[in-house]
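What follows is the content of coords_38.txt (compact mmCIF, N, CA and C atoms).
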```
# COMPACT_ATOMS: atom_id res chain seq x y z
N MET V 1 -22.37 8.77 16.55
CA MET V 1 -21.73 7.66 15.88
C MET V 1 -22.45 6.36 16.26
N ILE V 2 -22.71 5.55 15.28
CA ILE V 2 -23.39 4.27 15.52
C ILE V 2 -22.37 3.27 16.04
N SER V 3 -22.74 2.53 17.08
CA SER V 3 -21.83 1.54 17.64
C SER V 3 -21.71 0.34 16.69
N GLN V 4 -20.62 -0.40 16.85
CA GLN V 4 -20.39 -1.56 16.00
C GLN V 4 -21.45 -2.63 16.23
N ARG V 5 -21.87 -2.79 17.47
CA ARG V 5 -22.89 -3.79 17.78
C ARG V 5 -24.22 -3.43 17.10
N THR V 6 -24.57 -2.16 17.13
CA THR V 6 -25.80 -1.71 16.48
C THR V 6 -25.73 -1.92 14.98
N ARG V 7 -24.56 -1.63 14.40
CA ARG V 7 -24.39 -1.81 12.96
C ARG V 7 -24.49 -3.27 12.57
N LEU V 8 -23.91 -4.16 13.37
CA LEU V 8 -24.01 -5.60 13.09
C LEU V 8 -25.46 -6.07 13.20
N ARG V 9 -26.17 -5.59 14.19
CA ARG V 9 -27.60 -5.94 14.30
C ARG V 9 -28.38 -5.44 13.10
N ALA V 10 -28.06 -4.25 12.64
CA ALA V 10 -28.74 -3.70 11.46
C ALA V 10 -28.45 -4.55 10.22
N ILE V 11 -27.20 -4.97 10.07
CA ILE V 11 -26.83 -5.82 8.93
C ILE V 11 -27.63 -7.12 8.96
N LEU V 12 -27.66 -7.77 10.10
CA LEU V 12 -28.40 -9.03 10.21
C LEU V 12 -29.90 -8.82 10.01
N GLY V 13 -30.41 -7.70 10.50
CA GLY V 13 -31.83 -7.40 10.30
C GLY V 13 -32.18 -7.19 8.84
N VAL V 14 -31.32 -6.50 8.12
CA VAL V 14 -31.55 -6.28 6.68
C VAL V 14 -31.49 -7.61 5.93
N ILE V 15 -30.57 -8.47 6.31
CA ILE V 15 -30.47 -9.79 5.68
C ILE V 15 -31.76 -10.58 5.88
N VAL V 16 -32.28 -10.57 7.09
CA VAL V 16 -33.54 -11.27 7.37
C VAL V 16 -34.67 -10.68 6.54
N LEU V 17 -34.74 -9.36 6.47
CA LEU V 17 -35.80 -8.72 5.68
C LEU V 17 -35.70 -9.07 4.20
N ILE V 18 -34.48 -9.09 3.68
CA ILE V 18 -34.29 -9.46 2.27
C ILE V 18 -34.72 -10.90 2.02
N LEU V 19 -34.39 -11.80 2.94
CA LEU V 19 -34.77 -13.20 2.77
C LEU V 19 -36.27 -13.43 2.99
N LEU V 20 -36.91 -12.53 3.70
CA LEU V 20 -38.36 -12.65 3.88
C LEU V 20 -39.14 -12.35 2.60
N ILE V 21 -38.55 -11.56 1.72
CA ILE V 21 -39.24 -11.20 0.48
C ILE V 21 -39.59 -12.45 -0.34
N PRO V 22 -38.63 -13.31 -0.70
CA PRO V 22 -39.02 -14.50 -1.46
C PRO V 22 -39.84 -15.49 -0.62
N ALA V 23 -39.58 -15.54 0.69
CA ALA V 23 -40.35 -16.45 1.54
C ALA V 23 -41.83 -16.08 1.53
N ILE V 24 -42.12 -14.81 1.63
CA ILE V 24 -43.52 -14.35 1.60
C ILE V 24 -44.09 -14.49 0.20
N ALA V 25 -43.29 -14.19 -0.82
CA ALA V 25 -43.76 -14.31 -2.20
C ALA V 25 -44.15 -15.74 -2.52
N MET V 26 -43.44 -16.72 -1.94
CA MET V 26 -43.75 -18.13 -2.20
C MET V 26 -45.14 -18.50 -1.67
N ILE V 27 -45.62 -17.79 -0.68
CA ILE V 27 -46.94 -18.05 -0.11
C ILE V 27 -48.03 -17.60 -1.09
N PHE V 28 -47.78 -16.50 -1.79
CA PHE V 28 -48.83 -15.89 -2.61
C PHE V 28 -48.77 -16.22 -4.09
N THR V 29 -47.65 -16.75 -4.57
CA THR V 29 -47.54 -17.04 -6.00
C THR V 29 -46.71 -18.29 -6.23
N ASN V 30 -46.96 -18.93 -7.35
CA ASN V 30 -46.17 -20.09 -7.74
C ASN V 30 -44.97 -19.70 -8.60
N GLU V 31 -44.83 -18.42 -8.88
CA GLU V 31 -43.73 -17.93 -9.71
C GLU V 31 -42.40 -17.94 -8.96
N VAL V 32 -42.45 -17.88 -7.64
CA VAL V 32 -41.24 -17.89 -6.83
C VAL V 32 -41.11 -19.28 -6.22
N LYS V 33 -40.03 -19.97 -6.58
CA LYS V 33 -39.83 -21.35 -6.12
C LYS V 33 -38.40 -21.49 -5.60
N TRP V 34 -38.19 -21.10 -4.38
CA TRP V 34 -36.87 -21.21 -3.77
C TRP V 34 -36.81 -22.48 -2.94
N SER V 35 -35.69 -23.18 -3.04
CA SER V 35 -35.47 -24.35 -2.20
C SER V 35 -34.68 -23.91 -0.96
N PHE V 36 -34.47 -24.87 -0.07
CA PHE V 36 -33.66 -24.58 1.11
C PHE V 36 -32.28 -24.13 0.69
N PHE V 37 -31.72 -24.76 -0.34
CA PHE V 37 -30.39 -24.40 -0.82
C PHE V 37 -30.36 -22.95 -1.32
N ASP V 38 -31.43 -22.52 -1.99
CA ASP V 38 -31.49 -21.14 -2.47
C ASP V 38 -31.44 -20.16 -1.31
N PHE V 39 -32.21 -20.44 -0.26
CA PHE V 39 -32.18 -19.56 0.91
C PHE V 39 -30.82 -19.60 1.60
N LEU V 40 -30.22 -20.78 1.67
CA LEU V 40 -28.91 -20.91 2.29
C LEU V 40 -27.85 -20.14 1.50
N ALA V 41 -27.87 -20.29 0.18
CA ALA V 41 -26.90 -19.58 -0.66
C ALA V 41 -27.08 -18.07 -0.53
N ALA V 42 -28.32 -17.61 -0.55
CA ALA V 42 -28.58 -16.18 -0.41
C ALA V 42 -28.13 -15.68 0.96
N ALA V 43 -28.40 -16.46 2.00
CA ALA V 43 -27.99 -16.05 3.35
C ALA V 43 -26.48 -15.96 3.45
N VAL V 44 -25.77 -16.91 2.87
CA VAL V 44 -24.30 -16.89 2.91
C VAL V 44 -23.77 -15.69 2.13
N LEU V 45 -24.31 -15.46 0.94
CA LEU V 45 -23.87 -14.31 0.14
C LEU V 45 -24.12 -12.99 0.85
N LEU V 46 -25.33 -12.83 1.38
CA LEU V 46 -25.68 -11.58 2.04
C LEU V 46 -24.90 -11.38 3.34
N THR V 47 -24.74 -12.44 4.10
CA THR V 47 -23.99 -12.33 5.36
C THR V 47 -22.52 -12.01 5.07
N GLY V 48 -21.94 -12.71 4.11
CA GLY V 48 -20.56 -12.44 3.75
C GLY V 48 -20.37 -11.01 3.27
N THR V 49 -21.29 -10.54 2.45
CA THR V 49 -21.21 -9.17 1.96
C THR V 49 -21.36 -8.17 3.10
N GLY V 50 -22.33 -8.40 3.96
CA GLY V 50 -22.55 -7.49 5.08
C GLY V 50 -21.35 -7.43 6.01
N LEU V 51 -20.78 -8.59 6.31
CA LEU V 51 -19.62 -8.61 7.21
C LEU V 51 -18.38 -8.02 6.55
N LEU V 52 -18.23 -8.23 5.26
CA LEU V 52 -17.11 -7.64 4.54
C LEU V 52 -17.23 -6.12 4.51
N ILE V 53 -18.43 -5.62 4.29
CA ILE V 53 -18.64 -4.18 4.33
C ILE V 53 -18.38 -3.64 5.73
N GLU V 54 -18.81 -4.36 6.74
CA GLU V 54 -18.54 -3.96 8.12
C GLU V 54 -17.04 -3.88 8.38
N LEU V 55 -16.29 -4.85 7.88
CA LEU V 55 -14.84 -4.84 8.03
C LEU V 55 -14.23 -3.61 7.35
N VAL V 56 -14.71 -3.30 6.15
CA VAL V 56 -14.22 -2.12 5.44
C VAL V 56 -14.53 -0.86 6.24
N LEU V 57 -15.74 -0.76 6.77
CA LEU V 57 -16.12 0.43 7.55
C LEU V 57 -15.26 0.58 8.80
N ARG V 58 -14.83 -0.53 9.38
CA ARG V 58 -14.00 -0.47 10.58
C ARG V 58 -12.54 -0.15 10.26
N ARG V 59 -12.03 -0.68 9.18
CA ARG V 59 -10.59 -0.62 8.92
C ARG V 59 -10.15 0.54 8.01
N VAL V 60 -10.96 0.88 7.02
CA VAL V 60 -10.55 1.90 6.06
C VAL V 60 -10.91 3.28 6.62
N LYS V 61 -9.92 4.14 6.70
CA LYS V 61 -10.10 5.44 7.34
C LYS V 61 -10.65 6.51 6.40
N LYS V 62 -10.21 6.52 5.18
CA LYS V 62 -10.61 7.57 4.25
C LYS V 62 -11.99 7.27 3.67
N ALA V 63 -12.90 8.22 3.80
CA ALA V 63 -14.30 8.01 3.40
C ALA V 63 -14.45 7.67 1.92
N SER V 64 -13.70 8.33 1.06
CA SER V 64 -13.83 8.06 -0.38
C SER V 64 -13.39 6.63 -0.70
N HIS V 65 -12.38 6.15 -0.02
CA HIS V 65 -11.93 4.77 -0.23
C HIS V 65 -12.98 3.79 0.29
N ARG V 66 -13.58 4.10 1.44
CA ARG V 66 -14.64 3.24 1.98
C ARG V 66 -15.78 3.11 0.99
N TRP V 67 -16.23 4.24 0.45
CA TRP V 67 -17.34 4.21 -0.51
C TRP V 67 -16.99 3.39 -1.74
N ALA V 68 -15.78 3.58 -2.25
CA ALA V 68 -15.37 2.86 -3.46
C ALA V 68 -15.28 1.36 -3.21
N ILE V 69 -14.68 0.98 -2.11
CA ILE V 69 -14.54 -0.45 -1.81
C ILE V 69 -15.90 -1.08 -1.57
N CYS V 70 -16.77 -0.39 -0.83
CA CYS V 70 -18.12 -0.92 -0.59
C CYS V 70 -18.92 -1.05 -1.88
N ALA V 71 -18.75 -0.08 -2.79
CA ALA V 71 -19.43 -0.16 -4.08
C ALA V 71 -18.97 -1.37 -4.87
N VAL V 72 -17.67 -1.65 -4.87
CA VAL V 72 -17.13 -2.82 -5.57
C VAL V 72 -17.69 -4.10 -4.95
N ILE V 73 -17.75 -4.16 -3.63
CA ILE V 73 -18.29 -5.34 -2.94
C ILE V 73 -19.74 -5.57 -3.33
N ILE V 74 -20.53 -4.52 -3.38
CA ILE V 74 -21.95 -4.65 -3.72
C ILE V 74 -22.12 -5.07 -5.18
N VAL V 75 -21.31 -4.51 -6.08
CA VAL V 75 -21.37 -4.92 -7.49
C VAL V 75 -21.03 -6.40 -7.63
N LEU V 76 -20.00 -6.85 -6.92
CA LEU V 76 -19.64 -8.27 -6.97
C LEU V 76 -20.77 -9.15 -6.44
N LEU V 77 -21.44 -8.70 -5.37
CA LEU V 77 -22.59 -9.44 -4.85
C LEU V 77 -23.68 -9.54 -5.92
N LEU V 78 -24.01 -8.43 -6.55
CA LEU V 78 -25.07 -8.43 -7.55
C LEU V 78 -24.73 -9.30 -8.76
N LEU V 79 -23.48 -9.27 -9.19
CA LEU V 79 -23.07 -10.12 -10.31
C LEU V 79 -23.13 -11.60 -9.93
N THR V 80 -22.69 -11.91 -8.73
CA THR V 80 -22.75 -13.30 -8.27
C THR V 80 -24.19 -13.76 -8.15
N TRP V 81 -25.04 -12.92 -7.59
CA TRP V 81 -26.46 -13.24 -7.43
C TRP V 81 -27.10 -13.48 -8.80
N ALA V 82 -26.81 -12.61 -9.75
CA ALA V 82 -27.38 -12.76 -11.09
C ALA V 82 -26.90 -14.04 -11.76
N GLU V 83 -25.64 -14.37 -11.56
CA GLU V 83 -25.11 -15.60 -12.14
C GLU V 83 -25.79 -16.82 -11.54
N LEU V 84 -25.95 -16.82 -10.24
CA LEU V 84 -26.62 -17.96 -9.60
C LEU V 84 -28.10 -18.04 -9.98
N ALA V 85 -28.72 -16.89 -10.22
CA ALA V 85 -30.15 -16.88 -10.53
C ALA V 85 -30.43 -17.28 -11.98
N VAL V 86 -29.73 -16.66 -12.92
CA VAL V 86 -30.08 -16.88 -14.32
C VAL V 86 -28.91 -17.24 -15.20
N GLY V 87 -27.70 -17.25 -14.69
CA GLY V 87 -26.55 -17.67 -15.48
C GLY V 87 -26.12 -16.70 -16.54
N ILE V 88 -25.93 -15.44 -16.20
CA ILE V 88 -25.55 -14.43 -17.20
C ILE V 88 -24.17 -14.66 -17.79
N PHE V 89 -23.31 -15.38 -17.07
CA PHE V 89 -21.96 -15.63 -17.57
C PHE V 89 -21.78 -17.06 -18.07
N GLY V 90 -22.73 -17.93 -17.80
CA GLY V 90 -22.67 -19.30 -18.28
C GLY V 90 -21.70 -20.20 -17.52
N THR V 91 -21.43 -19.89 -16.28
CA THR V 91 -20.54 -20.75 -15.50
C THR V 91 -21.29 -22.00 -15.04
N PRO V 92 -20.57 -23.01 -14.54
CA PRO V 92 -21.23 -24.20 -14.05
C PRO V 92 -22.11 -23.95 -12.81
N PHE V 93 -21.95 -22.78 -12.17
CA PHE V 93 -22.74 -22.45 -10.99
C PHE V 93 -24.09 -21.85 -11.34
N ALA V 94 -24.33 -21.61 -12.59
CA ALA V 94 -25.55 -20.93 -13.03
C ALA V 94 -26.78 -21.76 -12.66
N GLY V 95 -27.77 -21.07 -12.16
CA GLY V 95 -29.02 -21.74 -11.83
C GLY V 95 -30.01 -21.57 -12.96
N GLN V 96 -30.60 -22.67 -13.40
CA GLN V 96 -31.60 -22.56 -14.47
C GLN V 96 -32.59 -23.65 -14.39
```

Would you kindly transcribe this structure into structure tokens?
Amino acid sequence: MISQRTRLRAILGVIVLILLIPAIAMIFTNEVKWSFFDFLAAAVLLTGTGLLIELVLRRVKKASHRWAICAVIIVLLLLTWAELAVGIFGTPFAGQ
């Protein structure tokens, strides 16, 4: 069984790796143009998602419920990310 501390470290490590992708891409191409706010928003979204999933893994006992709840959390993250990136829903938060 993986300890909670190890799982939290893994979550934070994955967040850093995900944020490194656009940071490195910005070095090699002009197509990726993230501002400090973009990195901050992504870090908040990813950290919140990771910690929420960690909470679900700790609290929900039934495996099928854990999978379903985590899937919903990830879908919500992806929809929020897409809205902030390209405005698929047309809300005032849309980035364009």

- prompt: as an NGL selection string, which residues of chain V does DSSP assign to alpha helix (DSSP H)?
  reply: :V and (4-28 or 36-59 or 63-86)

Nearby residues (only N, CA and C atoms) at most 7 Å from range 33-49 of chain V, same-chain spacing under 3 positions excluded, as a ChimeraX atom specification:
/V:15,22,26,29-30,52-54,73,77

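We find atom C of Ile74 in chain V and atom C of Gly50 in chain V to be spaced 11.5 Å apart.
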
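Interatomic distance, CA of Leu51 in chain V against CA of His65 in chain V: 17.1 Å.
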
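With distances restricted to only N, CA and C atoms, V:Val56 is the closest residue to Cys70 in chain V from V:Val56, V:Ala82, V:Leu8, V:Leu17.
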
Separating CA of Leu12 in chain V from CA of Phe28 in chain V, to the nearest tenth of an Å, is a gap of 25.1 Å

Take every atom of range 80-85 of chain V listed in the file, fit an axis-aligned box around them, add 5 Å per side, and give the centre and edge lengths in Å to one decimal as AutoDock Vina command-line options.
```
--center_x -26.6 --center_y -15.0 --center_z -9.8 --size_x 17.7 --size_y 16.1 --size_z 14.7
```

Discussion item. Which residues are near Ala85 in chain V? Cut-off 10 Å, only C-alpha atoms, ignore same chain within fewer than 2 positions. Put them as a ChimeraX atom specification.
Written reply: /V:38,79-83,87-88,93-96

Could you please fill out range 16-30 of chain V with N, CA, C and O atoms and send it back as a CSV table (one decimal), in the coordinates of the input?
```
chain,number,residue,atom,x,y,z
V,16,VAL,N,-32.3,-10.6,7.1
V,16,VAL,CA,-33.5,-11.3,7.4
V,16,VAL,C,-34.7,-10.7,6.5
V,16,VAL,O,-35.5,-11.4,5.9
V,17,LEU,N,-34.7,-9.4,6.5
V,17,LEU,CA,-35.8,-8.7,5.7
V,17,LEU,C,-35.7,-9.1,4.2
V,17,LEU,O,-36.7,-9.3,3.5
V,18,ILE,N,-34.5,-9.1,3.7
V,18,ILE,CA,-34.3,-9.5,2.3
V,18,ILE,C,-34.7,-10.9,2.0
V,18,ILE,O,-35.4,-11.2,1.0
V,19,LEU,N,-34.4,-11.8,2.9
V,19,LEU,CA,-34.8,-13.2,2.8
V,19,LEU,C,-36.3,-13.4,3.0
V,19,LEU,O,-36.8,-14.4,2.5
V,20,LEU,N,-36.9,-12.5,3.7
V,20,LEU,CA,-38.4,-12.6,3.9
V,20,LEU,C,-39.1,-12.4,2.6
V,20,LEU,O,-40.2,-12.8,2.4
V,21,ILE,N,-38.6,-11.6,1.7
V,21,ILE,CA,-39.2,-11.2,0.5
V,21,ILE,C,-39.6,-12.4,-0.3
V,21,ILE,O,-40.8,-12.7,-0.7
V,22,PRO,N,-38.6,-13.3,-0.7
V,22,PRO,CA,-39.0,-14.5,-1.5
V,22,PRO,C,-39.8,-15.5,-0.6
V,22,PRO,O,-40.7,-16.2,-1.2
V,23,ALA,N,-39.6,-15.5,0.7
V,23,ALA,CA,-40.4,-16.4,1.5
V,23,ALA,C,-41.8,-16.1,1.5
V,23,ALA,O,-42.7,-17.0,1.4
V,24,ILE,N,-42.1,-14.8,1.6
V,24,ILE,CA,-43.5,-14.4,1.6
V,24,ILE,C,-44.1,-14.5,0.2
V,24,ILE,O,-45.2,-14.9,0.0
V,25,ALA,N,-43.3,-14.2,-0.8
V,25,ALA,CA,-43.8,-14.3,-2.2
V,25,ALA,C,-44.2,-15.7,-2.5
V,25,ALA,O,-45.1,-16.0,-3.3
V,26,MET,N,-43.4,-16.7,-1.9
V,26,MET,CA,-43.8,-18.1,-2.2
V,26,MET,C,-45.1,-18.5,-1.7
V,26,MET,O,-45.8,-19.4,-2.2
V,27,ILE,N,-45.6,-17.8,-0.7
V,27,ILE,CA,-46.9,-18.0,-0.1
V,27,ILE,C,-48.0,-17.6,-1.1
V,27,ILE,O,-49.1,-18.3,-1.2
V,28,PHE,N,-47.8,-16.5,-1.8
V,28,PHE,CA,-48.8,-15.9,-2.6
V,28,PHE,C,-48.8,-16.2,-4.1
V,28,PHE,O,-49.7,-16.0,-4.8
V,29,THR,N,-47.6,-16.8,-4.6
V,29,THR,CA,-47.5,-17.0,-6.0
V,29,THR,C,-46.7,-18.3,-6.2
V,29,THR,O,-45.8,-18.6,-5.4
V,30,ASN,N,-47.0,-18.9,-7.4
V,30,ASN,CA,-46.2,-20.1,-7.7
V,30,ASN,C,-45.0,-19.7,-8.6
V,30,ASN,O,-44.2,-20.5,-9.0
```
